[in-house]
>>> print(open('work-v2.pdb').read())   # PDB, C-alpha atoms
ATOM      1  CA  VAL A   1       9.648   4.850  13.038
ATOM      2  CA  LEU A   2       7.688   4.296   9.831
ATOM      3  CA  ASP A   3       5.656   1.083   9.725
ATOM      4  CA  MET A   4       4.102   1.227   6.263
ATOM      5  CA  PHE A   5       4.926   3.132   3.078
ATOM      6  CA  ILE A   6       2.064   3.559   0.576
ATOM      7  CA  ALA A   7       2.243   4.593  -3.090
ATOM      8  CA  ASN A   8      -0.004   4.388  -6.156
ATOM      9  CA  TYR A   9      -0.127   1.418  -8.495
ATOM     10  CA  VAL A  10      -1.245   1.123 -12.103
ATOM     11  CA  TYR A  11      -3.344  -1.615 -13.714
ATOM     12  CA  GLU A  12      -2.138  -2.164 -17.267
ATOM     13  CA  LYS A  13      -4.592  -4.581 -18.852
ATOM     14  CA  GLU A  14      -3.836  -6.073 -22.229
ATOM     15  CA  GLY A  15      -6.143  -4.607 -24.863
ATOM     16  CA  ALA A  16      -7.513  -1.858 -22.615
ATOM     17  CA  LYS A  17      -7.389   1.682 -23.981
ATOM     18  CA  HIS A  18      -6.979   3.309 -20.592
ATOM     19  CA  LYS A  19      -4.820   2.421 -17.601
ATOM     20  CA  LYS A  20      -6.381   2.433 -14.147
ATOM     21  CA  VAL A  21      -4.353   4.219 -11.483
ATOM     22  CA  MET A  22      -5.161   3.468  -7.848
ATOM     23  CA  ARG A  23      -4.550   6.655  -5.874
ATOM     24  CA  TYR A  24      -5.213   7.374  -2.209
ATOM     25  CA  SER A  25      -6.500  10.933  -2.183
ATOM     26  CA  THR A  26      -8.020  10.511   1.280
ATOM     27  CA  LEU A  27      -4.607   9.970   2.900
ATOM     28  CA  PRO A  28      -2.451  12.845   4.208
ATOM     29  CA  GLN A  29       0.598  13.738   2.144
ATOM     30  CA  ASP A  30       4.095  14.990   2.949
ATOM     31  CA  LYS A  31       3.919  13.729   6.540
ATOM     32  CA  VAL A  32       3.987  10.611   8.676
ATOM     33  CA  PHE A  33       0.430   9.961   9.892
ATOM     34  CA  THR A  34      -1.641   7.530  11.973
ATOM     35  CA  TRP A  35      -4.959   5.767  11.407
ATOM     36  CA  ASN A  36      -6.809   8.591  13.173
ATOM     37  CA  GLU A  37      -5.618  10.987  10.475
ATOM     38  CA  ALA A  38      -6.473   8.743   7.522
ATOM     39  CA  GLY A  39      -9.679   9.563   5.653
ATOM     40  CA  ARG A  40     -12.302   7.062   4.582
ATOM     41  CA  PHE A  41     -11.580   5.186   1.383
ATOM     42  CA  HIS A  42     -13.973   5.630  -1.516
ATOM     43  CA  LYS A  43     -15.841   2.734  -3.110
ATOM     44  CA  GLY A  44     -13.378   0.714  -5.167
ATOM     45  CA  GLN A  45     -10.388   2.070  -3.250
ATOM     46  CA  TYR A  46      -8.338  -0.504  -1.365
ATOM     47  CA  ILE A  47      -4.818  -1.382  -0.331
ATOM     48  CA  LEU A  48      -3.057  -4.193  -2.184
ATOM     49  CA  MET A  49       0.435  -5.638  -2.123
ATOM     50  CA  HIS A  50       1.236  -3.495  -5.146
ATOM     51  CA  SER A  51       0.903  -0.319  -3.072
ATOM     52  CA  VAL A  52       2.651  -1.057   0.232
ATOM     53  CA  ILE A  53       6.100  -1.626   1.688
ATOM     54  CA  TYR A  54       6.268  -2.760   5.325
ATOM     55  CA  ARG A  55       9.026  -2.242   7.824
ATOM     56  CA  THR A  56      10.898  -5.561   7.949
ATOM     57  CA  GLN A  57      10.878  -5.840  11.737
ATOM     58  CA  LEU A  58       7.111  -5.313  11.774
ATOM     59  CA  LEU A  59       6.675  -8.368   9.539
ATOM     60  CA  ARG A  60       8.807 -10.352  11.966
ATOM     61  CA  ASP A  61       6.862  -9.073  14.971
ATOM     62  CA  CYS A  62       3.480 -10.079  13.516
ATOM     63  CA  HIS A  63       4.832 -13.594  12.783
ATOM     64  CA  LEU A  64       3.634 -13.472   9.195
ATOM     65  CA  VAL A  65       4.015 -16.868   7.537
ATOM     66  CA  LEU A  66       2.931 -17.317   3.931
ATOM     67  CA  PRO A  67       1.941 -20.827   2.793
ATOM     68  CA  LYS A  68       4.478 -22.363   0.445
ATOM     69  CA  HIS A  69       3.794 -23.140  -3.223
ATOM     70  CA  THR A  70       0.545 -21.152  -3.101
ATOM     71  CA  PHE A  71      -0.783 -18.374  -5.311
ATOM     72  CA  TYR A  72      -2.929 -15.457  -4.070
ATOM     73  CA  VAL A  73      -0.966 -14.937  -0.838
ATOM     74  CA  ASP A  74      -0.662 -11.210  -1.604
ATOM     75  CA  ASN A  75      -3.839 -10.604   0.428
ATOM     76  CA  LEU A  76      -2.226 -12.254   3.443
ATOM     77  CA  PHE A  77       0.902 -10.148   3.010
ATOM     78  CA  VAL A  78      -1.160  -6.953   3.088
ATOM     79  CA  TYR A  79      -3.876  -7.577   5.660
ATOM     80  CA  VAL A  80      -2.359  -9.811   8.340
ATOM     81  CA  PRO A  81       0.236  -7.162   9.403
ATOM     82  CA  LEU A  82      -2.228  -4.227   9.324
ATOM     83  CA  PRO A  83      -3.207  -4.353  13.033
ATOM     84  CA  TYR A  84       0.478  -3.865  13.879
ATOM     85  CA  VAL A  85       0.776  -0.718  11.771
ATOM     86  CA  LYS A  86       0.836   2.548  13.753
ATOM     87  CA  THR A  87       2.528   5.003  11.400
ATOM     88  CA  MET A  88       2.262   5.464   7.626
ATOM     89  CA  TYR A  89       3.540   7.678   4.831
ATOM     90  CA  TYR A  90       1.807   8.165   1.469
ATOM     91  CA  LEU A  91       3.686   9.197  -1.661
ATOM     92  CA  ASP A  92       1.461  10.228  -4.585
ATOM     93  CA  VAL A  93       3.629   8.514  -7.202
ATOM     94  CA  ASP A  94       2.759   5.674  -9.619
ATOM     95  CA  PHE A  95       5.307   3.356  -8.059
ATOM     96  CA  TYR A  96       4.165  -0.087  -9.239
ATOM     97  CA  ARG A  97       2.769  -1.199 -12.597
ATOM     98  CA  TYR A  98       0.686  -4.369 -12.702
ATOM     99  CA  TYR A  99       0.382  -5.864 -16.195
ATOM    100  CA  ILE A 100      -2.637  -8.147 -16.655
ATOM    101  CA  GLY A 101      -3.437 -10.289 -19.656
ATOM    102  CA  ARG A 102      -0.881 -13.095 -19.957
ATOM    103  CA  GLU A 103      -2.393 -16.561 -20.272
ATOM    104  CA  ASP A 104       0.005 -18.015 -17.712
ATOM    105  CA  GLN A 105      -0.848 -15.493 -14.960
ATOM    106  CA  SER A 106      -2.399 -16.812 -11.765
ATOM    107  CA  VAL A 107      -5.201 -14.231 -12.106
ATOM    108  CA  ASN A 108      -6.188 -15.545 -15.532
ATOM    109  CA  GLU A 109      -9.721 -16.916 -15.154
ATOM    110  CA  LYS A 110      -8.921 -20.483 -16.234
ATOM    111  CA  ASN A 111      -5.939 -20.587 -13.859
ATOM    112  CA  MET A 112      -8.005 -19.225 -10.963
ATOM    113  CA  ILE A 113     -10.535 -22.012 -11.537
ATOM    114  CA  LYS A 114      -7.741 -24.589 -11.685
ATOM    115  CA  ASN A 115      -6.197 -23.192  -8.487
ATOM    116  CA  ILE A 116      -9.455 -22.694  -6.572
ATOM    117  CA  ASP A 117      -8.195 -24.886  -3.731
ATOM    118  CA  GLN A 118      -5.353 -22.423  -3.162
ATOM    119  CA  GLN A 119      -7.753 -19.469  -3.119
ATOM    120  CA  ILE A 120      -9.926 -21.260  -0.555
ATOM    121  CA  LYS A 121      -6.840 -21.969   1.539
ATOM    122  CA  VAL A 122      -5.820 -18.295   1.510
ATOM    123  CA  ASN A 123      -9.379 -17.152   2.272
ATOM    124  CA  LYS A 124      -9.540 -19.415   5.321
ATOM    125  CA  ILE A 125      -6.260 -18.035   6.657
ATOM    126  CA  MET A 126      -7.599 -14.503   6.133
ATOM    127  CA  VAL A 127     -10.827 -15.252   7.983
ATOM    128  CA  ASP A 128      -8.962 -16.937  10.839
ATOM    129  CA  ALA A 129      -6.729 -13.863  11.148
ATOM    130  CA  TYR A 130      -9.760 -11.567  11.527
ATOM    131  CA  PRO A 131     -12.466 -13.467  13.469
ATOM    132  CA  ASN A 132     -15.730 -11.498  13.563
ATOM    133  CA  ARG A 133     -14.044  -8.535  11.886
ATOM    134  CA  ILE A 134     -14.890  -9.162   8.214
ATOM    135  CA  ILE A 135     -18.480  -8.497   7.149
ATOM    136  CA  ASN A 136     -20.567  -9.368   4.100
ATOM    137  CA  ILE A 137     -24.006  -8.406   2.840
ATOM    138  CA  HIS A 138     -26.183 -11.046   1.201
ATOM    139  CA  PRO A 139     -29.395 -10.270  -0.735
ATOM    140  CA  SER A 140     -31.716 -12.576   1.175
ATOM    141  CA  LEU A 141     -32.989 -13.190   4.674
ATOM    142  CA  ILE A 142     -30.489 -15.840   5.753
ATOM    143  CA  PRO A 143     -30.946 -18.825   6.122
ATOM    144  CA  SER A 144     -33.193 -18.598   3.037
ATOM    145  CA  PHE A 145     -31.637 -18.571  -0.438
ATOM    146  CA  CYS A 146     -28.034 -18.534   0.725
ATOM    147  CA  GLY A 147     -24.953 -20.692   0.632
ATOM    148  CA  THR A 148     -23.091 -22.181  -2.288
ATOM    149  CA  GLY A 149     -24.518 -21.141  -5.655
ATOM    150  CA  TYR A 150     -26.674 -18.311  -4.322
ATOM    151  CA  TYR A 151     -25.231 -15.003  -5.501
ATOM    152  CA  GLY A 152     -26.313 -12.009  -7.588
ATOM    153  CA  LEU A 153     -29.478 -12.523  -9.634
ATOM    154  CA  LYS A 154     -29.525 -16.236  -8.792
ATOM    155  CA  VAL A 155     -30.821 -15.343  -5.309
ATOM    156  CA  HIS A 156     -33.757 -13.360  -6.670
ATOM    157  CA  GLU A 157     -34.521 -15.908  -9.379
ATOM    158  CA  ALA A 158     -34.785 -18.610  -6.708
ATOM    159  CA  ALA A 159     -37.004 -16.442  -4.501
ATOM    160  CA  LEU A 160     -39.439 -15.703  -7.332
ATOM    161  CA  GLU A 161     -39.469 -19.330  -8.423
ATOM    162  CA  ARG A 162     -40.345 -20.398  -4.878
ATOM    163  CA  GLY A 163     -43.113 -17.821  -4.701
ATOM    164  CA  VAL A 164     -42.106 -16.159  -1.437
ATOM    165  CA  LYS A 165     -43.898 -12.940  -0.497
ATOM    166  CA  VAL A 166     -41.044 -11.388   1.489
ATOM    167  CA  VAL A 167     -37.344 -11.252   0.697
ATOM    168  CA  GLY A 168     -34.644  -8.968   2.078
ATOM    169  CA  ALA A 169     -30.983  -8.622   2.931
ATOM    170  CA  THR A 170     -28.624  -9.747   5.683
ATOM    171  CA  VAL A 171     -25.380  -8.285   7.002
ATOM    172  CA  HIS A 172     -23.284 -10.952   8.678
ATOM    173  CA  PHE A 173     -19.769 -11.639   9.865
ATOM    174  CA  VAL A 174     -17.701 -13.841   7.568
ATOM    175  CA  ASP A 175     -16.498 -17.233   8.732
ATOM    176  CA  GLU A 176     -15.092 -20.242   6.884
ATOM    177  CA  GLY A 177     -18.514 -21.211   5.525
ATOM    178  CA  THR A 178     -20.655 -19.602   2.831
ATOM    179  CA  ASP A 179     -23.153 -17.177   4.397
ATOM    180  CA  THR A 180     -22.875 -19.020   7.725
ATOM    181  CA  GLY A 181     -21.325 -16.312   9.929
ATOM    182  CA  PRO A 182     -23.111 -14.571  12.829
ATOM    183  CA  ILE A 183     -25.992 -12.372  11.637
ATOM    184  CA  ILE A 184     -25.680  -8.671  12.463
ATOM    185  CA  LEU A 185     -28.700  -7.025  10.805
ATOM    186  CA  GLN A 186     -31.571  -8.038   8.541
ATOM    187  CA  LYS A 187     -34.275  -6.083   6.730
ATOM    188  CA  ALA A 188     -37.318  -7.446   4.913
ATOM    189  CA  VAL A 189     -38.610  -6.280   1.523
ATOM    190  CA  GLU A 190     -41.978  -7.148  -0.049
ATOM    191  CA  VAL A 191     -42.227  -9.011  -3.339
ATOM    192  CA  HIS A 192     -44.659  -7.406  -5.811
ATOM    193  CA  ASN A 193     -46.783  -9.079  -8.465
ATOM    194  CA  GLY A 194     -44.972  -9.044 -11.796
ATOM    195  CA  ASP A 195     -41.502  -8.645 -10.305
ATOM    196  CA  THR A 196     -38.587  -9.777 -12.432
ATOM    197  CA  PRO A 197     -35.267 -10.799 -10.854
ATOM    198  CA  GLU A 198     -33.744  -7.489 -11.985
ATOM    199  CA  VAL A 199     -36.583  -5.387 -10.536
ATOM    200  CA  LEU A 200     -36.531  -7.320  -7.262
ATOM    201  CA  GLN A 201     -32.752  -7.045  -7.026
ATOM    202  CA  ARG A 202     -32.963  -3.270  -7.361
ATOM    203  CA  ARG A 203     -35.686  -2.987  -4.709
ATOM    204  CA  VAL A 204     -33.715  -5.129  -2.251
ATOM    205  CA  MET A 205     -30.627  -2.972  -2.783
ATOM    206  CA  GLU A 206     -32.497   0.319  -2.339
ATOM    207  CA  GLN A 207     -34.775  -0.676   0.540
ATOM    208  CA  ALA A 208     -32.496  -3.045   2.453
ATOM    209  CA  GLU A 209     -28.854  -3.435   1.424
ATOM    210  CA  TRP A 210     -28.032   0.267   1.139
ATOM    211  CA  LYS A 211     -29.627   0.908   4.538
ATOM    212  CA  ILE A 212     -28.401  -1.894   6.766
ATOM    213  CA  LEU A 213     -24.802  -2.079   5.521
ATOM    214  CA  PRO A 214     -23.831   1.472   6.629
ATOM    215  CA  LYS A 215     -25.843   0.947   9.824
ATOM    216  CA  ALA A 216     -23.874  -2.221  10.612
ATOM    217  CA  ILE A 217     -20.565  -0.492   9.918
ATOM    218  CA  ASN A 218     -21.568   2.356  12.246
ATOM    219  CA  LEU A 219     -22.518  -0.085  15.005
ATOM    220  CA  ILE A 220     -19.202  -1.926  14.706
ATOM    221  CA  ALA A 221     -17.170   1.275  14.548
ATOM    222  CA  ASN A 222     -18.821   2.519  17.739
ATOM    223  CA  GLY A 223     -18.310  -0.724  19.672
ATOM    224  CA  LYS A 224     -21.996  -1.630  19.801
ATOM    225  CA  ILE A 225     -21.573  -5.203  18.542
ATOM    226  CA  SER A 226     -20.578  -8.260  20.552
ATOM    227  CA  VAL A 227     -20.572 -11.926  19.523
ATOM    228  CA  GLU A 228     -20.982 -14.921  21.795
ATOM    229  CA  ASP A 229     -21.736 -18.491  20.740
ATOM    230  CA  HIS A 230     -22.354 -17.342  17.150
ATOM    231  CA  ILE A 231     -25.034 -14.854  18.294
ATOM    232  CA  VAL A 232     -24.687 -11.094  17.781
ATOM    233  CA  THR A 233     -25.865  -8.729  20.510
ATOM    234  CA  ILE A 234     -26.354  -5.021  19.809
ATOM    235  CA  SER A 235     -25.968  -2.726  22.814
ATOM    236  CA  ASP A 236     -27.744   0.595  23.292
TER
END
>>> encode(input="work-v2.pdb", output="structure tokens")
Amino acid sequence: VLDMFIANYVYEKEGAKHKKVMRYSTLPQDKVFTWNEAGRFHKGQYILMHSVIYRTQLLRDCHLVLPKHTFYVDNLFVYVPLPYVKTMYYLDVDFYRYYIGREDQSVNEKNMIKNIDQQIKVNKIMVDAYPNRIINIHPSLIPSFCGTGYYGLKVHEAALERGVKVVGATVHFVDEGTDTGPIILQKAVEVHNGDTPEVLQRRVMEQAEWKILPKAINLIANGKISVEDHIVTISD
């Protein structure tokens, strides 16, 4: 029995010279396969509603319910049923074409801002469906310089303005708050005299983010992480 069919999709953006095709070269072809046979996705490679068709009974079995009169539920449609998927088939064909650029589209920036409450609603449902299974990396030593408004260069600008001598990065589980989930790993990085936000950002990425994120993923993948009362324990 086939649980999930996967095909390519094409981004057709208004005004763009080139179309972006999302392919899944790491997946086996011409056969039904399982998760153990699927390769690791590359950076920027992900499954969206545009690329999958689920077996109808599987959707019934996972009790998928999409909120009514709400945009952005495509993420729920894709990711909530995934734990129930055992078998897949990938067809290397550009099956779906996604045209972007109309002013009335829900993904238009002004409409996303107007509908932010719906995006928050969908995000909360996603997080609730995967407790302590979604991770994020933040470019500071939480609880410093985190939370609403602290992202990208803003984090490093705030750190330099405050005059701290040590910054860093944090890998944490995602919960319904902003940078409030259980902390998995942290790594400190020194601030140098004359640092600009851009220079500091690069150093934090190279010395902290790029080191602790793959380490955290490895720990999770090998069952070394447990969470109790919002505290992460790493086993030997």
>>> resolve_selection(input="work-v2.pdb", expression="the PyMOL selection byres ((chain A and resi 121-138) around 8)", output="number ranges by chain")
A: 72-73, 75-76, 79-80, 117-120, 139-142, 146, 151, 169-176, 179, 209, 213, 227
>>> closest_residue(input="work-v2.pdb", among="A:His230, A:Arg55, A:Lys215, A:His42", to="A:Val85", atoms="all atoms listed in the file")
A:Arg55
>>> resolve_selection(input="work-v2.pdb", expression="the PyMOL selection byres ((chain A and resi 11) around 12)", output="ChimeraX atom specification")
/A:8-10,12-23,48,50-51,94-101
>>> write_last_selection(input="work-v2.pdb", atoms="C-alpha atoms", output="PDB file, keeping the file's coordinate frame")
ATOM      1  CA  ASN A   8      -0.004   4.388  -6.156  1.00  0.00           C
ATOM      2  CA  TYR A   9      -0.127   1.418  -8.495  1.00  0.00           C
ATOM      3  CA  VAL A  10      -1.245   1.123 -12.103  1.00  0.00           C
ATOM      4  CA  GLU A  12      -2.138  -2.164 -17.267  1.00  0.00           C
ATOM      5  CA  LYS A  13      -4.592  -4.581 -18.852  1.00  0.00           C
ATOM      6  CA  GLU A  14      -3.836  -6.073 -22.229  1.00  0.00           C
ATOM      7  CA  GLY A  15      -6.143  -4.607 -24.863  1.00  0.00           C
ATOM      8  CA  ALA A  16      -7.513  -1.858 -22.615  1.00  0.00           C
ATOM      9  CA  LYS A  17      -7.389   1.682 -23.981  1.00  0.00           C
ATOM     10  CA  HIS A  18      -6.979   3.309 -20.592  1.00  0.00           C
ATOM     11  CA  LYS A  19      -4.820   2.421 -17.601  1.00  0.00           C
ATOM     12  CA  LYS A  20      -6.381   2.433 -14.147  1.00  0.00           C
ATOM     13  CA  VAL A  21      -4.353   4.219 -11.483  1.00  0.00           C
ATOM     14  CA  MET A  22      -5.161   3.468  -7.848  1.00  0.00           C
ATOM     15  CA  ARG A  23      -4.550   6.655  -5.874  1.00  0.00           C
ATOM     16  CA  LEU A  48      -3.057  -4.193  -2.184  1.00  0.00           C
ATOM     17  CA  HIS A  50       1.236  -3.495  -5.146  1.00  0.00           C
ATOM     18  CA  SER A  51       0.903  -0.319  -3.072  1.00  0.00           C
ATOM     19  CA  ASP A  94       2.759   5.674  -9.619  1.00  0.00           C
ATOM     20  CA  PHE A  95       5.307   3.356  -8.059  1.00  0.00           C
ATOM     21  CA  TYR A  96       4.165  -0.087  -9.239  1.00  0.00           C
ATOM     22  CA  ARG A  97       2.769  -1.199 -12.597  1.00  0.00           C
ATOM     23  CA  TYR A  98       0.686  -4.369 -12.702  1.00  0.00           C
ATOM     24  CA  TYR A  99       0.382  -5.864 -16.195  1.00  0.00           C
ATOM     25  CA  ILE A 100      -2.637  -8.147 -16.655  1.00  0.00           C
ATOM     26  CA  GLY A 101      -3.437 -10.289 -19.656  1.00  0.00           C
TER      27      GLY A 101
END
>>> residues_around(input="work-v2.pdb", residues="A:Arg203", least_positions_apart="4", cutoff="12 Å", atoms="all atoms listed in the file", output="PyMOL selection string")
chain A and resi 139-140+156+166-169+187-192+195-199+207-211
>>> write_last_selection(input="work-v2.pdb", atoms="C-alpha atoms", output="PDB file, keeping the file's coordinate frame")
ATOM      1  CA  PRO A 139     -29.395 -10.270  -0.735  1.00  0.00           C
ATOM      2  CA  SER A 140     -31.716 -12.576   1.175  1.00  0.00           C
ATOM      3  CA  HIS A 156     -33.757 -13.360  -6.670  1.00  0.00           C
ATOM      4  CA  VAL A 166     -41.044 -11.388   1.489  1.00  0.00           C
ATOM      5  CA  VAL A 167     -37.344 -11.252   0.697  1.00  0.00           C
ATOM      6  CA  GLY A 168     -34.644  -8.968   2.078  1.00  0.00           C
ATOM      7  CA  ALA A 169     -30.983  -8.622   2.931  1.00  0.00           C
ATOM      8  CA  LYS A 187     -34.275  -6.083   6.730  1.00  0.00           C
ATOM      9  CA  ALA A 188     -37.318  -7.446   4.913  1.00  0.00           C
ATOM     10  CA  VAL A 189     -38.610  -6.280   1.523  1.00  0.00           C
ATOM     11  CA  GLU A 190     -41.978  -7.148  -0.049  1.00  0.00           C
ATOM     12  CA  VAL A 191     -42.227  -9.011  -3.339  1.00  0.00           C
ATOM     13  CA  HIS A 192     -44.659  -7.406  -5.811  1.00  0.00           C
ATOM     14  CA  ASP A 195     -41.502  -8.645 -10.305  1.00  0.00           C
ATOM     15  CA  THR A 196     -38.587  -9.777 -12.432  1.00  0.00           C
ATOM     16  CA  PRO A 197     -35.267 -10.799 -10.854  1.00  0.00           C
ATOM     17  CA  GLU A 198     -33.744  -7.489 -11.985  1.00  0.00           C
ATOM     18  CA  VAL A 199     -36.583  -5.387 -10.536  1.00  0.00           C
ATOM     19  CA  GLN A 207     -34.775  -0.676   0.540  1.00  0.00           C
ATOM     20  CA  ALA A 208     -32.496  -3.045   2.453  1.00  0.00           C
ATOM     21  CA  GLU A 209     -28.854  -3.435   1.424  1.00  0.00           C
ATOM     22  CA  TRP A 210     -28.032   0.267   1.139  1.00  0.00           C
ATOM     23  CA  LYS A 211     -29.627   0.908   4.538  1.00  0.00           C
TER      24      LYS A 211
END
>>> residues_around(input="work-v2.pdb", residues="A:Lys86", least_positions_apart="2", cutoff="7 Å", atoms="only C-alpha atoms", output="list in words")
Asp3, Thr34, Tyr84 and Met88 of chain A
>>> atom_distance(input="work-v2.pdb", atom1="atom CA of A:Met4", atom2="atom CA of A:Ser106")
26.3 Å
